[in-house]
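Before any comments, here is the structure.
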Amino acid sequence: MNATLSKPPVFRFAPSPNGLLHLGHALSAILNHDMAKAQNGRFLLRIEDIDPTRSTPEFEAAILEDLSWLGLDWEKPVRRQSDHLDLYREALGKLIKMGVVYPAFLTRGAIKTMVETFEQRGKAWPRDPDGAPLYPPEERGLSADQQQRMLASGKQHAWRLDVAKAMAVRGEPLTWQEAGSGPKGETGIITADPAAWGDVILSRADAPSSYHLSVTLDDALQGVTHVVRGQDLFHSTSVHRLLQRLLGLPEPLYHHHRLILGPDGRKLSKSNRDTGIAAFRAAGRTPQDVRAIVL
Ligand code: GLU
């Protein structure tokens, strides 16, 4: 038998410990867990705590408690992203060598002013799928000398992916296989469009890795074969596929699931107390109640 074919599928739930879990997280975690069990696969838990300003050990502990209460079990040890910052730095180093990233010095405030000034003239600044303004193109064209001079000045900077250059590295179409569906029902073979995000940030001054870089690397390093997550991350997959291609990482199968909306019809947020798992527990509801609501 072919050894690679006999390997069990690997699923993961990857919460960020910057708040309490809500029903939407419960759906994601339960789907991953149940799909892994149904396919004799592995179920991993990964704590995505690269943002030191928002992640806390208390939220992490609460997440583990809620997941156990839901009756889920996962492989130990749990991977915590903050334990692997060197790996993300190393990958960034590769991308710098490839010439597909550039140091970006504009502050949030400077970008905001540029966008506002531009829009006051009645023109729309291009925005990403989440509605955030794309990064201004100015610094993309700096020569290596200019970049070195700016870096030597010690000014705080981030590293951004030059998406056009990165797409040109291997010009063939970039796709992924979607087993679930996107927000507009997109399914099957999806054409990735990383340019929709502009030059995404891969590392910032206060955190050595971005969500995009660390999630992509970890999925590969942990051998994740099935990425099952909410539709709010559907469009991010375009960036993940591009990073996979640049770094020579395998392509998992993607399955984006519906989002659970609050009574106001909006996406649940971590501060929305009544849809939190902890609130369900405190109200004497059972894990079966949660399953019945979300599945
Ligand atoms: N850590 C991300 C979040 O909590 C999810 C990452 C993923 O599933 O790709 O939103």
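Following the order of the structure tokens, chains are lettered A, B, ..., residues in each are numbered from 1, and ligands are numbered from 1.
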
Contacts of stretch 90-116 of chain A with stretch 194-216 of chain A up to 12 Å, shortest pair per row, only C-alpha atoms, as CSV:
residue,atom,partner,partner_atom,distance
A:Glu90,CA,A:Pro208,CA,10.4
A:Ala91,CA,A:Leu213,CA,8.3
A:Leu92,CA,A:Leu202,CA,7.5
A:Gly93,CA,A:Ser203,CA,10.8
A:Leu95,CA,A:Leu202,CA,9.9
A:Ile96,CA,A:Leu202,CA,10.8
A:Val100,CA,A:Asp199,CA,10.2
A:Val101,CA,A:Leu202,CA,8.5
A:Tyr102,CA,A:Asp199,CA,9.3
A:Pro103,CA,A:Ser203,CA,9.5
A:Ala104,CA,A:Ile201,CA,8.7
A:Phe105,CA,A:Ala205,CA,9.9
A:Leu106,CA,A:Arg204,CA,11.5
A:Thr107,CA,A:Ala205,CA,10.7
A:Arg108,CA,A:Arg204,CA,11.7

Can you check which parts of chain A lie within 7 Å of ligand 1? Per residue, the shortest pair of atoms and distance in Å to one decimal, counting only C-alpha atoms and all ligand atoms, sorted by chain and number, as CSV.
residue,atom,partner,partner_atom_place_in_ligand_line,distance
A:Phe13,CA,ligand 1,8 (O),6.3
A:Ala14,CA,ligand 1,1 (N),5.0
A:Pro15,CA,ligand 1,4 (O),3.9
A:Ser16,CA,ligand 1,4 (O),4.2
A:Glu48,CA,ligand 1,1 (N),5.2
A:Val215,CA,ligand 1,9 (O),6.0
A:Val228,CA,ligand 1,8 (O),7.0
A:Arg229,CA,ligand 1,8 (O),5.0
A:Leu233,CA,ligand 1,9 (O),6.7

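Among the candidates A:Phe234, A:Tyr135, A:Trp159, A:Trp125, the one nearest to A:Asp193 when counting only C-alpha atoms is A:Phe234.
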
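Within stretch 65-150 of chain A, the backbone-based DSSP assignment of strand (DSSP E) covers Arg79, Arg80, Val101, Tyr102, Pro103 and Ala104 of chain A.
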
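For the pair atom CA of A:Ala144 and atom CA of A:Asp128, the interatomic distance is 27.8 Å.
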